[in-house]
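What's in entry.cif: mmCIF, C-alpha atoms and all ligand atoms
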```cif
data_work
#
loop_
_atom_site.label_atom_id
_atom_site.label_comp_id
_atom_site.auth_asym_id
_atom_site.auth_seq_id
_atom_site.Cartn_x
_atom_site.Cartn_y
_atom_site.Cartn_z
CA MET A 1489 26.66 1.85 -13.03
CA THR A 1490 26.43 2.86 -9.40
CA TYR A 1491 23.06 4.35 -8.55
CA ILE A 1492 23.22 7.79 -6.98
CA PRO A 1493 19.82 8.95 -5.72
CA ALA A 1494 18.57 12.42 -6.69
CA ALA A 1495 20.09 14.98 -4.33
CA ASN A 1496 16.81 16.92 -4.11
CA ARG A 1497 14.68 13.86 -3.31
CA TYR A 1498 13.25 15.21 -0.07
CA GLU A 1499 12.34 18.65 -1.41
CA ASN A 1500 8.92 18.07 -2.95
CA MET A 1501 7.53 15.08 -1.09
CA LYS A 1502 5.42 15.63 2.02
CA TYR A 1503 5.92 13.53 5.15
CA ARG A 1504 3.11 12.80 7.56
CA ARG A 1505 3.38 11.55 11.11
CA CYS A 1506 2.03 8.05 11.53
CA GLY A 1507 -0.57 8.35 14.29
CA ASN A 1508 1.12 9.51 17.47
CA SER A 1509 4.34 7.60 16.78
CA GLY A 1510 7.78 9.01 16.14
CA LEU A 1511 7.67 7.78 12.55
CA LYS A 1512 6.84 9.91 9.53
CA LEU A 1513 5.91 8.33 6.21
CA SER A 1514 6.06 9.84 2.75
CA ALA A 1515 2.58 10.88 1.58
CA PHE A 1516 2.98 8.18 -1.09
CA SER A 1517 4.26 4.67 -0.51
CA LEU A 1518 5.05 2.16 -3.24
CA GLY A 1519 3.59 -1.35 -3.10
CA LEU A 1520 5.22 -4.41 -4.68
CA TRP A 1521 2.13 -6.58 -5.08
CA HIS A 1522 2.35 -6.46 -8.90
CA ASN A 1523 5.35 -5.91 -11.22
CA PHE A 1524 8.02 -7.48 -8.98
CA GLY A 1525 7.50 -11.22 -9.54
CA TYR A 1526 9.55 -13.67 -11.63
CA ASN A 1527 7.47 -12.80 -14.70
CA SER A 1528 8.26 -9.07 -14.41
CA ASN A 1529 11.11 -7.32 -16.15
CA PHE A 1530 13.77 -6.93 -13.45
CA GLU A 1531 15.22 -3.69 -14.87
CA ASN A 1532 11.74 -2.16 -14.86
CA SER A 1533 11.18 -3.26 -11.24
CA ARG A 1534 14.53 -1.76 -10.33
CA ASN A 1535 13.63 1.52 -12.07
CA LEU A 1536 10.33 1.67 -10.19
CA ILE A 1537 12.11 1.56 -6.83
CA LYS A 1538 14.75 4.08 -7.94
CA THR A 1539 12.14 6.47 -9.35
CA ALA A 1540 10.13 6.28 -6.16
CA PHE A 1541 13.19 6.92 -3.98
CA ASP A 1542 14.43 9.72 -6.24
CA ASN A 1543 11.08 11.44 -5.69
CA GLY A 1544 11.06 11.21 -1.92
CA ILE A 1545 9.08 7.98 -1.46
CA THR A 1546 10.74 6.29 1.49
CA HIS A 1547 8.24 3.53 2.20
CA PHE A 1548 8.08 0.24 0.28
CA ASP A 1549 5.31 -2.23 1.03
CA LEU A 1550 5.72 -5.97 0.61
CA ALA A 1551 4.12 -9.17 1.86
CA ASN A 1552 5.32 -12.77 2.05
CA ASN A 1553 2.99 -13.81 -0.78
CA TYR A 1554 3.63 -11.04 -3.34
CA GLY A 1555 4.91 -12.26 -6.71
CA PRO A 1556 3.92 -14.41 -8.50
CA PRO A 1557 5.09 -16.85 -7.32
CA PRO A 1558 4.71 -16.06 -3.60
CA GLY A 1559 8.00 -14.83 -2.16
CA SER A 1560 9.42 -13.61 -5.46
CA ALA A 1561 8.65 -9.92 -4.85
CA GLU A 1562 10.65 -10.07 -1.61
CA GLU A 1563 13.49 -11.82 -3.46
CA CYS A 1564 13.38 -9.12 -6.13
CA MET A 1565 13.47 -6.38 -3.48
CA GLY A 1566 16.42 -8.15 -1.83
CA ARG A 1567 18.34 -8.05 -5.12
CA ILE A 1568 17.51 -4.37 -5.68
CA LEU A 1569 18.52 -3.45 -2.13
CA LYS A 1570 21.86 -5.20 -2.58
CA LEU A 1571 22.55 -3.69 -6.01
CA ASP A 1572 21.44 -0.10 -5.45
CA PHE A 1573 20.49 0.71 -1.87
CA LYS A 1574 23.28 -0.70 0.31
CA ASN A 1575 24.06 2.78 1.62
CA TYR A 1576 20.45 3.89 2.00
CA ARG A 1577 18.80 1.30 4.28
CA ASP A 1578 18.45 3.88 7.05
CA GLU A 1579 16.54 6.18 4.69
CA MET A 1580 14.01 3.46 3.84
CA ILE A 1581 10.96 2.00 5.52
CA ILE A 1582 10.45 -1.58 4.40
CA SER A 1583 7.26 -3.39 5.33
CA SER A 1584 6.14 -6.98 5.06
CA LYS A 1585 3.14 -9.03 6.14
CA ALA A 1586 1.84 -12.51 6.79
CA GLY A 1587 -1.75 -13.68 7.00
CA TYR A 1588 -2.71 -15.15 3.63
CA THR A 1589 -1.81 -18.62 2.33
CA MET A 1590 1.95 -18.94 2.00
CA TRP A 1591 2.93 -22.60 2.29
CA ASP A 1592 1.24 -25.98 2.55
CA GLY A 1593 0.02 -27.47 5.78
CA PRO A 1594 -1.50 -25.95 8.92
CA TYR A 1595 1.36 -23.50 9.69
CA GLY A 1596 1.52 -21.46 6.48
CA ASP A 1597 -1.67 -19.39 6.72
CA TRP A 1598 -3.83 -17.16 8.96
CA GLY A 1599 -2.69 -15.86 12.35
CA SER A 1600 -0.92 -18.34 14.66
CA LYS A 1601 2.29 -17.36 16.40
CA LYS A 1602 3.92 -20.33 14.62
CA TYR A 1603 3.02 -18.91 11.18
CA LEU A 1604 3.81 -15.25 11.83
CA VAL A 1605 7.21 -15.81 13.41
CA SER A 1606 8.43 -18.33 10.83
CA SER A 1607 7.03 -16.34 7.92
CA LEU A 1608 8.86 -13.20 8.97
CA ASP A 1609 12.08 -15.22 9.32
CA GLN A 1610 11.62 -16.37 5.72
CA SER A 1611 10.86 -12.81 4.53
CA LEU A 1612 14.04 -11.51 6.17
CA LYS A 1613 16.07 -14.22 4.43
CA ARG A 1614 14.52 -13.47 1.04
CA MET A 1615 15.29 -9.76 1.36
CA ASP A 1616 18.59 -10.39 3.16
CA LEU A 1617 17.61 -7.94 5.91
CA ASP A 1618 18.14 -8.06 9.68
CA TYR A 1619 14.77 -6.44 10.36
CA VAL A 1620 11.75 -4.92 8.64
CA ASP A 1621 10.48 -1.53 9.71
CA ILE A 1622 6.82 -2.50 9.81
CA PHE A 1623 5.38 -6.01 10.07
CA TYR A 1624 1.65 -6.51 9.56
CA HIS A 1625 -0.88 -9.16 10.28
CA HIS A 1626 -2.35 -9.24 6.76
CA ARG A 1627 -5.96 -10.24 7.54
CA PRO A 1628 -7.97 -11.17 10.62
CA ASP A 1629 -8.10 -14.86 11.54
CA PRO A 1630 -11.54 -15.93 12.79
CA GLU A 1631 -10.14 -19.00 14.59
CA THR A 1632 -6.89 -17.99 16.28
CA PRO A 1633 -7.40 -15.96 19.48
CA LEU A 1634 -6.56 -12.34 18.74
CA GLU A 1635 -4.46 -12.39 21.92
CA GLU A 1636 -2.13 -14.96 20.31
CA THR A 1637 -1.78 -13.05 17.03
CA MET A 1638 -1.07 -9.76 18.78
CA ALA A 1639 1.35 -11.48 21.18
CA ALA A 1640 3.20 -12.78 18.10
CA LEU A 1641 3.52 -9.19 16.78
CA ASN A 1642 4.74 -8.07 20.19
CA LEU A 1643 7.29 -10.92 20.29
CA ILE A 1644 8.60 -10.05 16.84
CA VAL A 1645 9.28 -6.49 18.01
CA GLN A 1646 10.92 -7.74 21.22
CA GLN A 1647 13.16 -9.95 19.08
CA GLY A 1648 14.20 -6.93 17.00
CA LYS A 1649 12.87 -8.46 13.78
CA ALA A 1650 10.46 -5.54 13.24
CA LEU A 1651 10.55 -2.00 14.57
CA TYR A 1652 6.79 -1.40 14.38
CA VAL A 1653 3.69 -3.49 13.79
CA GLY A 1654 0.39 -2.98 12.02
CA ILE A 1655 -2.81 -4.70 10.98
CA SER A 1656 -4.50 -4.94 7.61
CA ASN A 1657 -8.06 -5.65 6.49
CA TYR A 1658 -9.36 -5.57 10.10
CA ARG A 1659 -12.93 -4.23 10.46
CA PRO A 1660 -13.57 -1.57 13.14
CA ALA A 1661 -14.56 -3.87 16.06
CA GLU A 1662 -11.66 -6.29 15.60
CA ALA A 1663 -9.26 -3.40 14.93
CA ALA A 1664 -10.34 -1.76 18.21
CA LYS A 1665 -9.61 -4.98 20.11
CA ALA A 1666 -6.24 -5.49 18.39
CA ILE A 1667 -5.21 -1.88 19.11
CA GLN A 1668 -6.16 -2.30 22.76
CA LEU A 1669 -4.26 -5.60 23.14
CA LEU A 1670 -1.12 -4.19 21.56
CA LYS A 1671 -1.32 -1.11 23.77
CA GLU A 1672 -1.48 -3.32 26.87
CA MET A 1673 1.57 -5.26 25.67
CA GLY A 1674 3.58 -2.06 25.24
CA THR A 1675 3.91 -2.42 21.46
CA PRO A 1676 1.48 0.14 20.05
CA CYS A 1677 -0.27 -0.54 16.76
CA LEU A 1678 1.49 1.85 14.39
CA ILE A 1679 -0.80 1.64 11.39
CA HIS A 1680 -3.81 0.05 9.74
CA GLN A 1681 -3.78 -0.87 6.03
CA PRO A 1682 -7.32 -1.02 4.61
CA LYS A 1683 -8.63 -1.02 1.04
CA TYR A 1684 -9.89 2.50 0.41
CA SER A 1685 -10.62 4.46 -2.72
CA MET A 1686 -13.46 6.46 -4.28
CA PHE A 1687 -14.92 3.10 -5.31
CA GLU A 1688 -14.51 1.36 -1.93
CA ARG A 1689 -15.50 3.48 1.07
CA TRP A 1690 -16.21 1.05 3.93
CA VAL A 1691 -13.51 2.65 6.10
CA GLU A 1692 -15.68 5.76 6.37
CA ASP A 1693 -18.14 3.68 8.38
CA GLY A 1694 -16.30 3.68 11.71
CA LEU A 1695 -12.71 2.68 10.93
CA LEU A 1696 -11.32 6.15 10.19
CA ASP A 1697 -12.96 7.54 13.32
CA LEU A 1698 -11.44 4.74 15.39
CA LEU A 1699 -7.96 5.30 13.95
CA GLY A 1700 -8.25 9.05 14.47
CA LYS A 1701 -9.35 8.57 18.08
CA GLU A 1702 -6.65 6.00 18.84
CA GLN A 1703 -4.05 7.97 16.90
CA VAL A 1704 -3.11 5.02 14.74
CA GLY A 1705 -1.90 5.73 11.19
CA CYS A 1706 -3.87 4.75 8.09
CA ILE A 1707 -2.42 3.68 4.73
CA PRO A 1708 -5.08 2.90 2.11
CA PHE A 1709 -4.23 0.22 -0.46
CA SER A 1710 -5.47 0.06 -4.07
CA PRO A 1711 -6.25 3.81 -3.99
CA LEU A 1712 -6.83 3.80 -7.75
CA ALA A 1713 -9.00 0.66 -7.56
CA GLN A 1714 -6.12 -1.13 -9.33
CA GLY A 1715 -6.12 1.39 -12.17
CA LEU A 1716 -9.86 1.84 -12.71
CA LEU A 1717 -9.68 5.36 -11.27
CA THR A 1718 -7.55 6.59 -14.15
CA ASP A 1719 -8.40 7.54 -17.70
CA LYS A 1720 -6.84 4.34 -19.11
CA TYR A 1721 -10.00 2.22 -19.53
CA LEU A 1722 -12.12 4.98 -21.08
CA ASN A 1723 -11.56 3.66 -24.60
CA GLY A 1724 -11.22 -0.07 -24.10
CA ILE A 1725 -8.58 -2.25 -22.46
CA PRO A 1726 -4.99 -1.21 -23.30
CA ALA A 1727 -2.61 -4.12 -24.00
CA ASP A 1728 -0.21 -3.02 -21.25
CA SER A 1729 -2.88 -2.61 -18.54
CA ARG A 1730 -3.34 -4.80 -15.46
CA VAL A 1731 -6.56 -6.24 -16.89
CA ALA A 1732 -4.74 -7.38 -20.04
CA THR A 1733 -1.43 -8.47 -18.52
CA SER A 1734 -2.54 -10.04 -15.24
CA GLY A 1735 -6.32 -10.32 -15.17
CA GLN A 1736 -6.21 -12.30 -11.93
CA PHE A 1737 -7.42 -9.61 -9.52
CA LEU A 1738 -8.75 -6.93 -11.90
CA LYS A 1739 -10.84 -8.53 -14.59
CA ALA A 1740 -12.42 -7.20 -17.79
CA ASP A 1741 -15.88 -7.76 -16.32
CA HIS A 1742 -15.13 -5.23 -13.56
CA ILE A 1743 -15.25 -2.56 -16.25
CA THR A 1744 -19.02 -2.32 -16.51
CA PRO A 1745 -20.90 0.42 -18.40
CA GLU A 1746 -22.03 1.86 -15.00
CA ARG A 1747 -18.41 2.05 -13.86
CA ILE A 1748 -17.33 3.74 -17.09
CA GLU A 1749 -20.14 6.26 -16.67
CA LYS A 1750 -18.83 7.18 -13.22
CA ILE A 1751 -15.23 7.29 -14.44
CA VAL A 1752 -16.22 9.65 -17.28
CA ALA A 1753 -18.04 11.95 -14.82
CA LEU A 1754 -15.13 11.92 -12.34
CA ASN A 1755 -12.69 12.55 -15.17
CA LYS A 1756 -14.59 15.75 -16.02
CA ILE A 1757 -14.24 17.07 -12.45
CA ALA A 1758 -10.56 16.19 -12.46
CA GLN A 1759 -10.08 18.17 -15.66
CA GLN A 1760 -11.87 21.16 -14.13
CA ARG A 1761 -9.42 20.95 -11.22
CA GLY A 1762 -6.49 20.84 -13.65
CA GLN A 1763 -5.66 17.26 -12.61
CA LYS A 1764 -5.67 13.86 -14.20
CA LEU A 1765 -8.28 11.49 -12.77
CA ALA A 1766 -5.55 9.39 -11.07
CA GLN A 1767 -4.20 12.53 -9.38
CA MET A 1768 -7.64 13.62 -8.21
CA ALA A 1769 -8.45 10.15 -6.83
CA LEU A 1770 -5.22 10.19 -4.80
CA ALA A 1771 -5.69 13.81 -3.68
CA TRP A 1772 -9.22 12.95 -2.56
CA LEU A 1773 -7.74 10.43 -0.09
CA LEU A 1774 -4.96 12.72 1.10
CA ARG A 1775 -7.39 15.57 1.86
CA ASP A 1776 -8.13 13.71 5.12
CA GLU A 1777 -5.32 14.22 7.61
CA ARG A 1778 -5.97 10.86 9.21
CA ILE A 1779 -4.54 9.30 6.05
CA THR A 1780 -0.81 8.96 6.70
CA SER A 1781 0.27 7.77 3.27
CA VAL A 1782 -1.40 6.46 0.13
CA LEU A 1783 -0.13 3.08 -1.03
CA ILE A 1784 0.14 3.11 -4.81
CA GLY A 1785 1.15 0.43 -7.28
CA SER A 1786 2.88 1.20 -10.58
CA SER A 1787 3.77 -0.71 -13.70
CA LYS A 1788 5.87 2.12 -15.16
CA PRO A 1789 8.17 4.72 -13.57
CA GLU A 1790 6.23 7.56 -15.26
CA GLN A 1791 3.10 6.52 -13.34
CA ILE A 1792 4.90 7.27 -10.08
CA THR A 1793 5.97 10.76 -11.12
CA ASP A 1794 2.52 11.35 -12.55
CA SER A 1795 0.67 10.17 -9.42
CA ILE A 1796 2.68 12.14 -6.88
CA LYS A 1797 1.75 15.38 -8.66
CA ALA A 1798 -1.56 14.89 -6.83
CA LEU A 1799 0.15 16.71 -3.97
CA ASP A 1800 -0.03 19.96 -5.98
CA ASN A 1801 -3.73 20.19 -5.10
CA ILE A 1802 -5.30 18.20 -2.27
CA ILE A 1803 -7.90 20.83 -1.36
CA PHE A 1804 -11.48 20.21 -2.46
CA SER A 1805 -14.34 22.69 -2.35
CA LYS A 1806 -17.60 21.60 -0.71
CA GLU A 1807 -19.22 21.75 -4.12
CA GLU A 1808 -16.60 19.43 -5.63
CA LEU A 1809 -16.99 16.95 -2.78
CA ASP A 1810 -20.78 17.00 -3.09
CA THR A 1811 -20.60 16.39 -6.83
CA ILE A 1812 -18.14 13.54 -6.34
CA ASN A 1813 -20.43 11.97 -3.71
CA GLN A 1814 -23.34 12.29 -6.07
CA ILE A 1815 -21.43 10.50 -8.83
CA LEU A 1816 -20.27 7.74 -6.51
CA LYS A 1817 -23.73 7.10 -5.04
P1 LIG B 1 -3.49 1.07 -7.25
O1 LIG B 1 -4.94 1.15 -7.00
O2 LIG B 1 -2.66 2.29 -7.11
O3 LIG B 1 -3.31 0.43 -8.71
C1 LIG B 1 -2.05 0.41 -9.31
C2 LIG B 1 -2.20 0.27 -10.83
O4 LIG B 1 -2.88 1.40 -11.35
C3 LIG B 1 -0.85 0.27 -11.52
O5 LIG B 1 -0.27 -1.01 -11.54
C4 LIG B 1 -1.22 0.78 -12.88
O6 LIG B 1 -1.88 -0.25 -13.59
C5 LIG B 1 -2.27 1.82 -12.56
N1 LIG B 1 -1.69 3.16 -12.33
C6 LIG B 1 -0.98 3.58 -11.27
N2 LIG B 1 -0.65 4.88 -11.38
C7 LIG B 1 -1.17 5.31 -12.55
C8 LIG B 1 -1.18 6.54 -13.22
N3 LIG B 1 -0.58 7.61 -12.69
N4 LIG B 1 -1.82 6.63 -14.41
C9 LIG B 1 -2.43 5.55 -14.95
N5 LIG B 1 -2.46 4.34 -14.36
C10 LIG B 1 -1.84 4.21 -13.17
O7 LIG B 1 -2.83 0.05 -6.24
P2 LIG B 1 -2.60 -1.55 -6.20
O8 LIG B 1 -3.88 -2.25 -6.39
O9 LIG B 1 -1.45 -1.90 -7.07
O10 LIG B 1 -2.16 -1.70 -4.69
C11 LIG B 1 -1.07 -0.95 -4.20
C12 LIG B 1 -0.37 -1.68 -3.11
O11 LIG B 1 -1.26 -1.92 -2.02
C13 LIG B 1 0.12 -3.09 -3.46
O12 LIG B 1 1.31 -3.09 -4.21
C14 LIG B 1 0.31 -3.67 -2.09
O13 LIG B 1 1.52 -3.20 -1.55
C15 LIG B 1 -0.86 -3.07 -1.32
N6 LIG B 1 -1.99 -4.01 -1.22
C16 LIG B 1 -2.31 -4.50 0.02
C17 LIG B 1 -3.31 -5.42 0.19
C18 LIG B 1 -3.64 -5.90 1.56
O14 LIG B 1 -4.45 -6.84 1.70
N7 LIG B 1 -3.06 -5.33 2.59
C19 LIG B 1 -4.09 -5.94 -0.97
C20 LIG B 1 -3.73 -5.31 -2.22
C21 LIG B 1 -2.72 -4.38 -2.32
P3 LIG B 1 -1.42 -0.84 -15.01
O15 LIG B 1 -0.72 -2.11 -14.67
O16 LIG B 1 -2.72 -1.06 -15.69
O17 LIG B 1 -0.52 0.15 -15.68
#
```
When written as structure tokens, how does the structure in this file appear?
Amino acid sequence: MTYIPAANRYENMKYRRCGNSGLKLSAFSLGLWHNFGYNSNFENSRNLIKTAFDNGITHFDLANNYGPPPGSAEECMGRILKLDFKNYRDEMIISSKAGYTMWDGPYGDWGSKKYLVSSLDQSLKRMDLDYVDIFYHHRPDPETPLEETMAALNLIVQQGKALYVGISNYRPAEAAKAIQLLKEMGTPCLIHQPKYSMFERWVEDGLLDLLGKEQVGCIPFSPLAQGLLTDKYLNGIPADSRVATSGQFLKADHITPERIEKIVALNKIAQQRGQKLAQMALAWLLRDERITSVLIGSSKPEQITDSIKALDNIIFSKEELDTINQILK
């Protein structure tokens, strides 16, 4: 059956300007790191993208290596785009990245111009796209001169293979240098993608201030700490959870008694706010206007509709923030 997106899809979502660019992103973006590989149920993957789009999520985040196996999430997205979104490409922001190990030999990893340019060519083929909207360098490369990596991003934009570029996992000092280099080349850094959640707050130590000052967007990944910041692990490990089904990146031994104690305490505050813990954890990120969009993952369509309800209340009292800080200490 032909997919017809919800007519009211733009009514409830909020859109935030990405730094000082012309681009606005939906307050939530959907990532395809998990649940889009060869071992995932294709109809479920397809429903995840449709549910997101029906609810105003315009931004879909990929990388060359998402799967498993690497490349399969982009292939899956390519199939979904062809089946359901042929008429909606101009309403979508599609991102990809290169920077982690992708293929054997010296040219399939890190940050050389050789790797970035050829990897993006491969990504475009897998998704059957002419261009991506945002292309990221996925992690800093300690050996390649930053000038070369940023020049590769600039080249990719000049070639029309990406409209905007970003960086991910860069610490404040290297991010500052990358932002400056890109500015000098005339291809501004649109956005930074760091790991940021209640459980992982390094960005508060300089990065957010830098991005605010430079007017570069910020899109935190793993905002629910891969699912820990929900109520799902309060009574053991559910069979359909990431720990049980994947276990590669989020392992059972991450769920320590100290963690559970914090989750229980946070869950109580969420309840007092009339939110689920997942919603409060997402709202807590969005309360800061320097956060352009929060990059969620989902294994089920209902999680998307559940998570975006965070937008109903992103205001925190000083007392709530203090209590949360106390719990997270
Ligand atoms: P999250 O922290 O949002 O974790 C997502 C997981 O949390 C889901 O798969 C699901 O787990 C659970 N979940 C989500 N919503 C709910 C809900 N409402 N109620 C209960 N459980 C929920 O993000 P991810 O770790 O998946 O990362 C998101 C995206 O960030 C990735 O897809 C990728 O695009 C990007 N990313 C970027 C990286 C980088 O280096 N730049 C690195 C990692 C991710 P379950 O399976 O248990 O149901």
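Here atom C5 of ligand LIG 1 (chain B) stands at a distance of 29.5 Å from CA of Cys1677 (chain A).
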Go through A:Asn1532, A:Ser1600, A:Asn1657, A:Thr1780 one by one, measure the shortest atom-to-atom distance of each to Phe1516 (chain A) using all atoms listed in the file, and give the residue with the smallest value. A:Thr1780
Write out as a ChimeraX atom specification each polymer residue (protein, DNA or RNA) that has an atom no more than 8 Å from ligand LIG 1 (chain B), with only C-alpha atoms and all ligand atoms counted. /A:1518-1523,1548-1551,1626-1627,1656-1657,1681-1683,1685,1708-1720,1726,1728-1733,1766-1767,1783-1788,1790-1795
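CA of Tyr1684 (chain A) sits 28.5 Å away from CA of Gly1566 (chain A).
For the choices A:Asn1553, A:Asn1723, A:Ser1533, A:Ser1584, the atom-to-atom distance to Leu1569 (chain A) is smallest for A:Ser1533 when using all atoms listed in the file.
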Neighbouring residues of region 1659-1663 of chain A were defined as those with any atom within 12 Å, considering all atoms listed in the file; residues of the same chain fewer than 5 positions away were excluded. Please report them as a PyMOL selection string. chain A and resi 1625+1627-1630+1633-1635+1638+1654+1668-1670+1677-1683+1690-1700+1702+1704+1706
Using the selection just defined, write its residues with C-alpha atoms as a PDB file, in the coordinates of the input.
```
ATOM      1  CA  HIS A1625      -0.880  -9.160  10.280  1.00  0.00           C
ATOM      2  CA  ARG A1627      -5.960 -10.240   7.540  1.00  0.00           C
ATOM      3  CA  PRO A1628      -7.970 -11.170  10.620  1.00  0.00           C
ATOM      4  CA  ASP A1629      -8.100 -14.860  11.540  1.00  0.00           C
ATOM      5  CA  PRO A1630     -11.540 -15.930  12.790  1.00  0.00           C
ATOM      6  CA  PRO A1633      -7.400 -15.960  19.480  1.00  0.00           C
ATOM      7  CA  LEU A1634      -6.560 -12.340  18.740  1.00  0.00           C
ATOM      8  CA  GLU A1635      -4.460 -12.390  21.920  1.00  0.00           C
ATOM      9  CA  MET A1638      -1.070  -9.760  18.780  1.00  0.00           C
ATOM     10  CA  GLY A1654       0.390  -2.980  12.020  1.00  0.00           C
ATOM     11  CA  GLN A1668      -6.160  -2.300  22.760  1.00  0.00           C
ATOM     12  CA  LEU A1669      -4.260  -5.600  23.140  1.00  0.00           C
ATOM     13  CA  LEU A1670      -1.120  -4.190  21.560  1.00  0.00           C
ATOM     14  CA  CYS A1677      -0.270  -0.540  16.760  1.00  0.00           C
ATOM     15  CA  LEU A1678       1.490   1.850  14.390  1.00  0.00           C
ATOM     16  CA  ILE A1679      -0.800   1.640  11.390  1.00  0.00           C
ATOM     17  CA  HIS A1680      -3.810   0.050   9.740  1.00  0.00           C
ATOM     18  CA  GLN A1681      -3.780  -0.870   6.030  1.00  0.00           C
ATOM     19  CA  PRO A1682      -7.320  -1.020   4.610  1.00  0.00           C
ATOM     20  CA  LYS A1683      -8.630  -1.020   1.040  1.00  0.00           C
ATOM     21  CA  TRP A1690     -16.210   1.050   3.930  1.00  0.00           C
ATOM     22  CA  VAL A1691     -13.510   2.650   6.100  1.00  0.00           C
ATOM     23  CA  GLU A1692     -15.680   5.760   6.370  1.00  0.00           C
ATOM     24  CA  ASP A1693     -18.140   3.680   8.380  1.00  0.00           C
ATOM     25  CA  GLY A1694     -16.300   3.680  11.710  1.00  0.00           C
ATOM     26  CA  LEU A1695     -12.710   2.680  10.930  1.00  0.00           C
ATOM     27  CA  LEU A1696     -11.320   6.150  10.190  1.00  0.00           C
ATOM     28  CA  ASP A1697     -12.960   7.540  13.320  1.00  0.00           C
ATOM     29  CA  LEU A1698     -11.440   4.740  15.390  1.00  0.00           C
ATOM     30  CA  LEU A1699      -7.960   5.300  13.950  1.00  0.00           C
ATOM     31  CA  GLY A1700      -8.250   9.050  14.470  1.00  0.00           C
ATOM     32  CA  GLU A1702      -6.650   6.000  18.840  1.00  0.00           C
ATOM     33  CA  VAL A1704      -3.110   5.020  14.740  1.00  0.00           C
ATOM     34  CA  CYS A1706      -3.870   4.750   8.090  1.00  0.00           C
TER      35      CYS A1706
END
```
Please write as a ChimeraX atom specification the list of polymer residues whose atoms come within 12 Å of (5.6, -15.5, -2.4), counting only C-alpha atoms and keeping to the coordinates of the file. /A:1520-1522,1524-1526,1550-1564,1584-1586,1588-1591,1596,1607,1610-1611,1614-1615
Between region 1742-1789 of chain A and region 1812-1816 of chain A, at 10 Å or less, what are the per-residue closest atom pairs and their distances in Å? Count only C-alpha atoms, order by chain and rising residue number, and return it as JSON lines.
```
{"residue": "A:Arg1747", "atom": "CA", "partner": "A:Leu1816", "partner_atom": "CA", "distance": 9.5}
{"residue": "A:Glu1749", "atom": "CA", "partner": "A:Ile1815", "partner_atom": "CA", "distance": 9.0}
{"residue": "A:Lys1750", "atom": "CA", "partner": "A:Ile1815", "partner_atom": "CA", "distance": 6.1}
{"residue": "A:Ile1751", "atom": "CA", "partner": "A:Ile1815", "partner_atom": "CA", "distance": 9.0}
{"residue": "A:Val1752", "atom": "CA", "partner": "A:Ile1815", "partner_atom": "CA", "distance": 10.0}
{"residue": "A:Ala1753", "atom": "CA", "partner": "A:Ile1815", "partner_atom": "CA", "distance": 7.0}
{"residue": "A:Leu1754", "atom": "CA", "partner": "A:Ile1812", "partner_atom": "CA", "distance": 6.9}
{"residue": "A:Ile1757", "atom": "CA", "partner": "A:Ile1812", "partner_atom": "CA", "distance": 8.1}
{"residue": "A:Trp1772", "atom": "CA", "partner": "A:Ile1812", "partner_atom": "CA", "distance": 9.7}
```
Provide the CA of Gly1705 (chain A) to CA of Asn1508 (chain A) distance in Å, to one decimal place.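 According to the coordinates, CA of Gly1705 (chain A) and CA of Asn1508 (chain A) are separated by 7.9 Å.
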Which residue gives the smallest distance to Lys1665 (chain A) among A:Thr1811, A:Thr1637, A:Asn1543, A:Asn1500, with all atoms listed in the file counted?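 Nearest candidate to Lys1665 (chain A) out of A:Thr1811, A:Thr1637, A:Asn1543, A:Asn1500: A:Thr1637.
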Closest to Asn1642 (chain A) among A:Val1605, A:Gln1703, A:Tyr1619, A:Ala1664, using all atoms listed in the file? A:Val1605
Closest of A:Gly1674, A:Tyr1721, A:Lys1538, A:Gly1544 to Leu1643 (chain A), counting only C-alpha atoms, is A:Gly1674
As JSON, numbers by chain, please: the residues near Met1489 (chain A) (cut-off 10 Å, only C-alpha atoms, same-chain neighbours under 3 positions excluded). {"A": [1492, 1571, 1572]}
Requested write-out: C-alpha atoms of the selected residues, as a CSV table (one decimal), keeping the file's coordinate frame:
```csv
chain,number,residue,atom,x,y,z
A,1492,ILE,CA,23.2,7.8,-7.0
A,1571,LEU,CA,22.6,-3.7,-6.0
A,1572,ASP,CA,21.4,-0.1,-5.4
```
Please provide as a list in words all residues within 12 Å of Gln1646 (chain A), with the sequence filter that same-chain residues fewer than 5 positions apart are discarded (counting all atoms listed in the file).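 Within the cut-off, the hits are Val1605, Tyr1619, Ala1639, Ala1640, Leu1641, Leu1651, Tyr1652, Val1653, Met1673, Gly1674 and Thr1675 of chain A.
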Shortest contact to Met1768 (chain A), candidates A:Glu1531, A:Asp1800, A:Asp1810, A:Glu1636, atoms counted all atoms listed in the file, goes to A:Asp1800
